[in-house]
Amino acid sequence: MSPRGVADKRGAILRAAINLFGSGQYHGTTIPTLAKHAGVAEGSIYNYFKNKEDVAFSALADAL
């Protein structure tokens, strides 16, 4: 995958996380739910992040 493709997929995951977590759904959000909202395969999330907490911290860091 090209560097732009990697950035696009990672960005889609982070945008989905911001939308889900920002609407108060952190505890109810699972990796499969996050993947569905990001439009990626569940396993793809683990290519970029260790777990849901890592996604949340990365989304927060990007937002700041």
# chains A, B, ... in the order shown; residues from 1 in each chain; ligands from 1
$ residues_around --residues "Ser44 (chain A)" --least-positions-apart "3" --cutoff "9 Å" --atoms "only C-alpha atoms" --output "ChimeraX atom specification"
/A:9-10,35,40-41,47-49
$ write_last_selection --atoms "all heavy atoms" --output "PDB file, in the first residue's frame"
ATOM      1  N   LYS A   9      -6.207   5.397   5.372  1.00  0.00           N
ATOM      2  CA  LYS A   9      -6.871   4.379   6.191  1.00  0.00           C
ATOM      3  C   LYS A   9      -6.739   4.717   7.672  1.00  0.00           C
ATOM      4  O   LYS A   9      -7.704   4.643   8.425  1.00  0.00           O
ATOM      5  CB  LYS A   9      -6.285   2.997   5.900  1.00  0.00           C
ATOM      6  CG  LYS A   9      -7.117   1.866   6.472  1.00  0.00           C
ATOM      7  CD  LYS A   9      -6.603   0.513   6.036  1.00  0.00           C
ATOM      8  CE  LYS A   9      -7.066   0.238   4.628  1.00  0.00           C
ATOM      9  NZ  LYS A   9      -6.857  -1.168   4.248  1.00  0.00           N
ATOM     10  N   ARG A  10      -5.559   5.124   8.089  1.00  0.00           N
ATOM     11  CA  ARG A  10      -5.355   5.513   9.486  1.00  0.00           C
ATOM     12  C   ARG A  10      -6.243   6.707   9.820  1.00  0.00           C
ATOM     13  O   ARG A  10      -6.876   6.764  10.874  1.00  0.00           O
ATOM     14  CB  ARG A  10      -3.880   5.853   9.727  1.00  0.00           C
ATOM     15  CG  ARG A  10      -3.557   6.153  11.173  1.00  0.00           C
ATOM     16  CD  ARG A  10      -2.061   6.429  11.351  1.00  0.00           C
ATOM     17  NE  ARG A  10      -1.714   6.577  12.743  1.00  0.00           N
ATOM     18  CZ  ARG A  10      -1.896   7.683  13.464  1.00  0.00           C
ATOM     19  NH1 ARG A  10      -2.424   8.754  12.909  1.00  0.00           N
ATOM     20  NH2 ARG A  10      -1.543   7.718  14.740  1.00  0.00           N
ATOM     21  N   ALA A  35     -14.298  -0.388  13.213  1.00  0.00           N
ATOM     22  CA  ALA A  35     -13.928  -0.770  11.852  1.00  0.00           C
ATOM     23  C   ALA A  35     -15.084  -0.517  10.884  1.00  0.00           C
ATOM     24  O   ALA A  35     -14.878   0.009   9.776  1.00  0.00           O
ATOM     25  CB  ALA A  35     -13.522  -2.240  11.812  1.00  0.00           C
ATOM     26  N   VAL A  40     -13.253  -0.007   7.180  1.00  0.00           N
ATOM     27  CA  VAL A  40     -12.062  -0.841   7.030  1.00  0.00           C
ATOM     28  C   VAL A  40     -12.332  -2.210   7.649  1.00  0.00           C
ATOM     29  O   VAL A  40     -13.271  -2.374   8.418  1.00  0.00           O
ATOM     30  CB  VAL A  40     -10.824  -0.207   7.699  1.00  0.00           C
ATOM     31  CG1 VAL A  40     -10.515   1.156   7.091  1.00  0.00           C
ATOM     32  CG2 VAL A  40     -10.968  -0.100   9.198  1.00  0.00           C
ATOM     33  N   ALA A  41     -11.479  -3.158   7.334  1.00  0.00           N
ATOM     34  CA  ALA A  41     -11.577  -4.482   7.945  1.00  0.00           C
ATOM     35  C   ALA A  41     -11.116  -4.392   9.399  1.00  0.00           C
ATOM     36  O   ALA A  41     -10.244  -3.586   9.743  1.00  0.00           O
ATOM     37  CB  ALA A  41     -10.711  -5.485   7.194  1.00  0.00           C
ATOM     38  N   ASN A  47      -3.285  -3.052  12.440  1.00  0.00           N
ATOM     39  CA  ASN A  47      -2.084  -2.699  11.681  1.00  0.00           C
ATOM     40  C   ASN A  47      -1.568  -1.324  12.087  1.00  0.00           C
ATOM     41  O   ASN A  47      -0.403  -1.008  11.862  1.00  0.00           O
ATOM     42  CB  ASN A  47      -2.360  -2.705  10.179  1.00  0.00           C
ATOM     43  CG  ASN A  47      -2.560  -4.091   9.635  1.00  0.00           C
ATOM     44  OD1 ASN A  47      -2.005  -5.056  10.141  1.00  0.00           O
ATOM     45  ND2 ASN A  47      -3.364  -4.198   8.605  1.00  0.00           N
ATOM     46  N   TYR A  48      -2.445  -0.502  12.652  1.00  0.00           N
ATOM     47  CA  TYR A  48      -2.095   0.874  12.989  1.00  0.00           C
ATOM     48  C   TYR A  48      -2.083   1.160  14.489  1.00  0.00           C
ATOM     49  O   TYR A  48      -1.415   2.085  14.928  1.00  0.00           O
ATOM     50  CB  TYR A  48      -3.080   1.841  12.315  1.00  0.00           C
ATOM     51  CG  TYR A  48      -3.129   1.651  10.828  1.00  0.00           C
ATOM     52  CD1 TYR A  48      -4.120   0.883  10.236  1.00  0.00           C
ATOM     53  CD2 TYR A  48      -2.162   2.219  10.003  1.00  0.00           C
ATOM     54  CE1 TYR A  48      -4.163   0.693   8.866  1.00  0.00           C
ATOM     55  CE2 TYR A  48      -2.191   2.033   8.637  1.00  0.00           C
ATOM     56  CZ  TYR A  48      -3.194   1.262   8.077  1.00  0.00           C
ATOM     57  OH  TYR A  48      -3.210   1.067   6.724  1.00  0.00           O
ATOM     58  N   PHE A  49      -2.864   0.389  15.244  1.00  0.00           N
ATOM     59  CA  PHE A  49      -3.044   0.650  16.670  1.00  0.00           C
ATOM     60  C   PHE A  49      -3.006  -0.652  17.449  1.00  0.00           C
ATOM     61  O   PHE A  49      -3.404  -1.692  16.944  1.00  0.00           O
ATOM     62  CB  PHE A  49      -4.385   1.358  16.924  1.00  0.00           C
ATOM     63  CG  PHE A  49      -4.553   2.604  16.101  1.00  0.00           C
ATOM     64  CD1 PHE A  49      -5.292   2.587  14.933  1.00  0.00           C
ATOM     65  CD2 PHE A  49      -3.951   3.787  16.488  1.00  0.00           C
ATOM     66  CE1 PHE A  49      -5.437   3.721  14.160  1.00  0.00           C
ATOM     67  CE2 PHE A  49      -4.088   4.936  15.718  1.00  0.00           C
ATOM     68  CZ  PHE A  49      -4.830   4.903  14.555  1.00  0.00           C
TER      69      PHE A  49
END
$ select_by_dssp --residues "chain A" --states "helix (DSSP H, G or I)" --output "PyMOL selection string"
chain A and resi 3-22+31-38+42-48+52-63
$ closest_residue --among "A:Gly39, A:Pro32, A:Tyr26, A:Lys50" --to "Ala12 (chain A)" --atoms "only C-alpha atoms"
A:Gly39
$ atom_distance --atom1 "CA of Lys36 (chain A)" --atom2 "CA of Ala61 (chain A)"
22.3 Å
$ residues_around --residues "Gly11 (chain A)" --least-positions-apart "6" --cutoff "12 Å" --atoms "only C-alpha atoms" --output "list of chain:residue names"
A:Arg4, A:Gly5, A:Ala17, A:Ile18, A:Ala38, A:Gly39, A:Val40, A:Ile45, A:Tyr48, A:Phe49, A:Val55, A:Ser58, A:Ala59, A:Asp62, A:Ala63
$ write_last_selection --atoms "all heavy atoms" --output "compact mmCIF listing (two decimals), in the first residue's frame"
# COMPACT_ATOMS: atom_id res chain seq x y z
N ARG A 4 0.31 7.19 1.01
CA ARG A 4 -0.94 7.94 1.07
C ARG A 4 -2.10 7.03 1.45
O ARG A 4 -2.98 7.42 2.22
CB ARG A 4 -1.22 8.62 -0.26
CG ARG A 4 -2.49 9.43 -0.19
CD ARG A 4 -2.76 10.19 -1.47
NE ARG A 4 -4.05 10.81 -1.36
CZ ARG A 4 -4.27 12.09 -1.50
NH1 ARG A 4 -3.28 12.89 -1.78
NH2 ARG A 4 -5.48 12.57 -1.38
N GLY A 5 -2.10 5.80 0.93
CA GLY A 5 -3.15 4.85 1.29
C GLY A 5 -3.13 4.51 2.77
O GLY A 5 -4.17 4.38 3.41
N ALA A 17 -13.23 7.18 15.16
CA ALA A 17 -13.05 7.18 16.62
C ALA A 17 -13.50 8.49 17.22
O ALA A 17 -14.20 8.51 18.24
CB ALA A 17 -11.59 6.89 16.97
N ILE A 18 -13.12 9.60 16.60
CA ILE A 18 -13.51 10.91 17.12
C ILE A 18 -15.03 11.04 17.11
O ILE A 18 -15.63 11.52 18.08
CB ILE A 18 -12.84 12.03 16.30
CG1 ILE A 18 -11.34 12.07 16.63
CG2 ILE A 18 -13.49 13.38 16.57
CD1 ILE A 18 -10.52 12.91 15.69
N ALA A 38 -15.41 3.13 10.21
CA ALA A 38 -14.26 3.63 9.44
C ALA A 38 -14.24 3.09 8.02
O ALA A 38 -13.51 3.60 7.18
CB ALA A 38 -12.96 3.26 10.15
N GLY A 39 -15.02 2.05 7.76
CA GLY A 39 -15.03 1.45 6.43
C GLY A 39 -13.79 0.62 6.14
O GLY A 39 -13.34 0.54 5.00
N VAL A 40 -13.25 -0.01 7.18
CA VAL A 40 -12.06 -0.84 7.03
C VAL A 40 -12.33 -2.21 7.65
O VAL A 40 -13.27 -2.37 8.42
CB VAL A 40 -10.82 -0.21 7.70
CG1 VAL A 40 -10.51 1.16 7.09
CG2 VAL A 40 -10.97 -0.10 9.20
N ILE A 45 -7.36 -2.30 11.77
CA ILE A 45 -7.15 -1.42 12.91
C ILE A 45 -5.89 -1.82 13.66
O ILE A 45 -5.10 -0.98 14.08
CB ILE A 45 -8.39 -1.41 13.83
CG1 ILE A 45 -9.54 -0.74 13.06
CG2 ILE A 45 -8.09 -0.70 15.15
CD1 ILE A 45 -10.82 -0.62 13.78
N TYR A 48 -2.45 -0.50 12.65
CA TYR A 48 -2.09 0.87 12.99
C TYR A 48 -2.08 1.16 14.49
O TYR A 48 -1.42 2.09 14.93
CB TYR A 48 -3.08 1.84 12.31
CG TYR A 48 -3.13 1.65 10.83
CD1 TYR A 48 -4.12 0.88 10.24
CD2 TYR A 48 -2.16 2.22 10.00
CE1 TYR A 48 -4.16 0.69 8.87
CE2 TYR A 48 -2.19 2.03 8.64
CZ TYR A 48 -3.19 1.26 8.08
OH TYR A 48 -3.21 1.07 6.72
N PHE A 49 -2.86 0.39 15.24
CA PHE A 49 -3.04 0.65 16.67
C PHE A 49 -3.01 -0.65 17.45
O PHE A 49 -3.40 -1.69 16.94
CB PHE A 49 -4.38 1.36 16.92
CG PHE A 49 -4.55 2.60 16.10
CD1 PHE A 49 -5.29 2.59 14.93
CD2 PHE A 49 -3.95 3.79 16.49
CE1 PHE A 49 -5.44 3.72 14.16
CE2 PHE A 49 -4.09 4.94 15.72
CZ PHE A 49 -4.83 4.90 14.56
N VAL A 55 -6.10 3.77 19.98
CA VAL A 55 -6.86 4.57 19.02
C VAL A 55 -7.33 5.86 19.69
O VAL A 55 -7.19 6.95 19.13
CB VAL A 55 -8.08 3.80 18.45
CG1 VAL A 55 -8.90 4.69 17.53
CG2 VAL A 55 -7.65 2.53 17.73
N SER A 58 -4.45 8.29 20.26
CA SER A 58 -4.01 8.85 18.98
C SER A 58 -5.00 9.87 18.44
O SER A 58 -4.62 10.91 17.91
CB SER A 58 -3.80 7.73 17.97
OG SER A 58 -2.74 6.89 18.38
N ALA A 59 -6.30 9.57 18.59
CA ALA A 59 -7.32 10.50 18.13
C ALA A 59 -7.25 11.79 18.93
O ALA A 59 -7.35 12.89 18.36
CB ALA A 59 -8.71 9.86 18.26
N ASP A 62 -4.14 13.76 17.83
CA ASP A 62 -4.35 14.39 16.52
C ASP A 62 -5.29 15.59 16.63
O ASP A 62 -5.10 16.59 15.94
CB ASP A 62 -4.91 13.39 15.51
CG ASP A 62 -3.84 12.50 14.92
OD1 ASP A 62 -2.68 12.54 15.37
OD2 ASP A 62 -4.16 11.73 13.99
N ALA A 63 -6.28 15.49 17.49
CA ALA A 63 -7.25 16.58 17.65
C ALA A 63 -6.61 17.79 18.31
O ALA A 63 -7.00 18.93 18.04
CB ALA A 63 -8.45 16.11 18.47
$ closest_residue --among "A:Ala7, A:Ile31, A:His37, A:Asn19" --to "Glu53 (chain A)" --atoms "only C-alpha atoms"
A:Ile31
$ closest_residue --among "A:Leu20, A:Phe57, A:Leu64, A:Tyr46" --to "Thr33 (chain A)" --atoms "only C-alpha atoms"
A:Leu20
$ decode --residues "region 6-31 of chain A" --atoms "N, CA, C and O atoms" --output "PDB file, in the first residue's frame"
ATOM      1  N   VAL A   6      -1.938   4.377   3.314  1.00  0.00           N
ATOM      2  CA  VAL A   6      -1.787   4.108   4.748  1.00  0.00           C
ATOM      3  C   VAL A   6      -2.330   5.278   5.551  1.00  0.00           C
ATOM      4  O   VAL A   6      -3.087   5.102   6.503  1.00  0.00           O
ATOM      5  N   ALA A   7      -1.964   6.482   5.157  1.00  0.00           N
ATOM      6  CA  ALA A   7      -2.425   7.679   5.871  1.00  0.00           C
ATOM      7  C   ALA A   7      -3.941   7.821   5.769  1.00  0.00           C
ATOM      8  O   ALA A   7      -4.597   8.204   6.741  1.00  0.00           O
ATOM      9  N   ASP A   8      -4.508   7.513   4.592  1.00  0.00           N
ATOM     10  CA  ASP A   8      -5.952   7.609   4.409  1.00  0.00           C
ATOM     11  C   ASP A   8      -6.697   6.624   5.301  1.00  0.00           C
ATOM     12  O   ASP A   8      -7.702   6.976   5.923  1.00  0.00           O
ATOM     13  N   LYS A   9      -6.207   5.397   5.372  1.00  0.00           N
ATOM     14  CA  LYS A   9      -6.871   4.379   6.191  1.00  0.00           C
ATOM     15  C   LYS A   9      -6.739   4.717   7.672  1.00  0.00           C
ATOM     16  O   LYS A   9      -7.704   4.643   8.425  1.00  0.00           O
ATOM     17  N   ARG A  10      -5.559   5.124   8.089  1.00  0.00           N
ATOM     18  CA  ARG A  10      -5.355   5.513   9.486  1.00  0.00           C
ATOM     19  C   ARG A  10      -6.243   6.707   9.820  1.00  0.00           C
ATOM     20  O   ARG A  10      -6.876   6.764  10.874  1.00  0.00           O
ATOM     21  N   GLY A  11      -6.310   7.655   8.905  1.00  0.00           N
ATOM     22  CA  GLY A  11      -7.152   8.826   9.110  1.00  0.00           C
ATOM     23  C   GLY A  11      -8.626   8.474   9.217  1.00  0.00           C
ATOM     24  O   GLY A  11      -9.356   9.047  10.032  1.00  0.00           O
ATOM     25  N   ALA A  12      -9.080   7.521   8.409  1.00  0.00           N
ATOM     26  CA  ALA A  12     -10.479   7.088   8.471  1.00  0.00           C
ATOM     27  C   ALA A  12     -10.784   6.472   9.831  1.00  0.00           C
ATOM     28  O   ALA A  12     -11.857   6.703  10.404  1.00  0.00           O
ATOM     29  N   ILE A  13      -9.848   5.709  10.353  1.00  0.00           N
ATOM     30  CA  ILE A  13     -10.032   5.093  11.675  1.00  0.00           C
ATOM     31  C   ILE A  13     -10.105   6.180  12.746  1.00  0.00           C
ATOM     32  O   ILE A  13     -10.977   6.146  13.617  1.00  0.00           O
ATOM     33  N   LEU A  14      -9.211   7.149  12.675  1.00  0.00           N
ATOM     34  CA  LEU A  14      -9.203   8.218  13.670  1.00  0.00           C
ATOM     35  C   LEU A  14     -10.460   9.078  13.589  1.00  0.00           C
ATOM     36  O   LEU A  14     -11.026   9.467  14.614  1.00  0.00           O
ATOM     37  N   ARG A  15     -10.930   9.376  12.375  1.00  0.00           N
ATOM     38  CA  ARG A  15     -12.164  10.153  12.226  1.00  0.00           C
ATOM     39  C   ARG A  15     -13.354   9.404  12.807  1.00  0.00           C
ATOM     40  O   ARG A  15     -14.205   9.985  13.500  1.00  0.00           O
ATOM     41  N   ALA A  16     -13.424   8.104  12.545  1.00  0.00           N
ATOM     42  CA  ALA A  16     -14.515   7.297  13.108  1.00  0.00           C
ATOM     43  C   ALA A  16     -14.436   7.290  14.629  1.00  0.00           C
ATOM     44  O   ALA A  16     -15.456   7.397  15.315  1.00  0.00           O
ATOM     45  N   ALA A  17     -13.228   7.179  15.161  1.00  0.00           N
ATOM     46  CA  ALA A  17     -13.048   7.176  16.617  1.00  0.00           C
ATOM     47  C   ALA A  17     -13.495   8.493  17.221  1.00  0.00           C
ATOM     48  O   ALA A  17     -14.198   8.515  18.239  1.00  0.00           O
ATOM     49  N   ILE A  18     -13.117   9.597  16.601  1.00  0.00           N
ATOM     50  CA  ILE A  18     -13.511  10.908  17.116  1.00  0.00           C
ATOM     51  C   ILE A  18     -15.029  11.039  17.112  1.00  0.00           C
ATOM     52  O   ILE A  18     -15.627  11.520  18.078  1.00  0.00           O
ATOM     53  N   ASN A  19     -15.669  10.586  16.046  1.00  0.00           N
ATOM     54  CA  ASN A  19     -17.136  10.662  15.965  1.00  0.00           C
ATOM     55  C   ASN A  19     -17.798   9.790  17.022  1.00  0.00           C
ATOM     56  O   ASN A  19     -18.741  10.220  17.690  1.00  0.00           O
ATOM     57  N   LEU A  20     -17.323   8.565  17.169  1.00  0.00           N
ATOM     58  CA  LEU A  20     -17.934   7.644  18.127  1.00  0.00           C
ATOM     59  C   LEU A  20     -17.630   8.035  19.566  1.00  0.00           C
ATOM     60  O   LEU A  20     -18.532   8.133  20.393  1.00  0.00           O
ATOM     61  N   PHE A  21     -16.370   8.256  19.859  1.00  0.00           N
ATOM     62  CA  PHE A  21     -15.974   8.574  21.229  1.00  0.00           C
ATOM     63  C   PHE A  21     -16.497   9.954  21.628  1.00  0.00           C
ATOM     64  O   PHE A  21     -16.890  10.171  22.766  1.00  0.00           O
ATOM     65  N   GLY A  22     -16.494  10.887  20.685  1.00  0.00           N
ATOM     66  CA  GLY A  22     -16.949  12.237  20.967  1.00  0.00           C
ATOM     67  C   GLY A  22     -18.439  12.328  21.249  1.00  0.00           C
ATOM     68  O   GLY A  22     -18.899  13.278  21.866  1.00  0.00           O
ATOM     69  N   SER A  23     -19.183  11.328  20.800  1.00  0.00           N
ATOM     70  CA  SER A  23     -20.620  11.336  21.067  1.00  0.00           C
ATOM     71  C   SER A  23     -20.949  10.521  22.319  1.00  0.00           C
ATOM     72  O   SER A  23     -22.093  10.128  22.523  1.00  0.00           O
ATOM     73  N   GLY A  24     -19.921  10.259  23.128  1.00  0.00           N
ATOM     74  CA  GLY A  24     -20.133   9.580  24.399  1.00  0.00           C
ATOM     75  C   GLY A  24     -20.262   8.077  24.301  1.00  0.00           C
ATOM     76  O   GLY A  24     -20.800   7.447  25.202  1.00  0.00           O
ATOM     77  N   GLN A  25     -19.758   7.497  23.243  1.00  0.00           N
ATOM     78  CA  GLN A  25     -19.905   6.061  23.036  1.00  0.00           C
ATOM     79  C   GLN A  25     -18.599   5.295  23.231  1.00  0.00           C
ATOM     80  O   GLN A  25     -18.427   4.217  22.673  1.00  0.00           O
ATOM     81  N   TYR A  26     -17.670   5.833  24.022  1.00  0.00           N
ATOM     82  CA  TYR A  26     -16.375   5.162  24.181  1.00  0.00           C
ATOM     83  C   TYR A  26     -16.533   3.740  24.712  1.00  0.00           C
ATOM     84  O   TYR A  26     -16.036   2.791  24.120  1.00  0.00           O
ATOM     85  N   HIS A  27     -17.221   3.581  25.831  1.00  0.00           N
ATOM     86  CA  HIS A  27     -17.323   2.260  26.454  1.00  0.00           C
ATOM     87  C   HIS A  27     -18.107   1.275  25.603  1.00  0.00           C
ATOM     88  O   HIS A  27     -17.826   0.080  25.630  1.00  0.00           O
ATOM     89  N   GLY A  28     -19.066   1.755  24.859  1.00  0.00           N
ATOM     90  CA  GLY A  28     -19.873   0.873  24.023  1.00  0.00           C
ATOM     91  C   GLY A  28     -19.275   0.577  22.665  1.00  0.00           C
ATOM     92  O   GLY A  28     -19.785  -0.263  21.927  1.00  0.00           O
ATOM     93  N   THR A  29     -18.188   1.266  22.328  1.00  0.00           N
ATOM     94  CA  THR A  29     -17.558   1.063  21.024  1.00  0.00           C
ATOM     95  C   THR A  29     -16.572  -0.099  21.091  1.00  0.00           C
ATOM     96  O   THR A  29     -15.691  -0.125  21.942  1.00  0.00           O
ATOM     97  N   THR A  30     -16.745  -1.027  20.186  1.00  0.00           N
ATOM     98  CA  THR A  30     -15.828  -2.158  20.073  1.00  0.00           C
ATOM     99  C   THR A  30     -14.971  -1.967  18.823  1.00  0.00           C
ATOM    100  O   THR A  30     -15.275  -1.125  17.973  1.00  0.00           O
ATOM    101  N   ILE A  31     -13.929  -2.738  18.720  1.00  0.00           N
ATOM    102  CA  ILE A  31     -13.086  -2.677  17.523  1.00  0.00           C
ATOM    103  C   ILE A  31     -13.910  -2.999  16.273  1.00  0.00           C
ATOM    104  O   ILE A  31     -13.786  -2.293  15.267  1.00  0.00           O
TER     105      ILE A  31
END
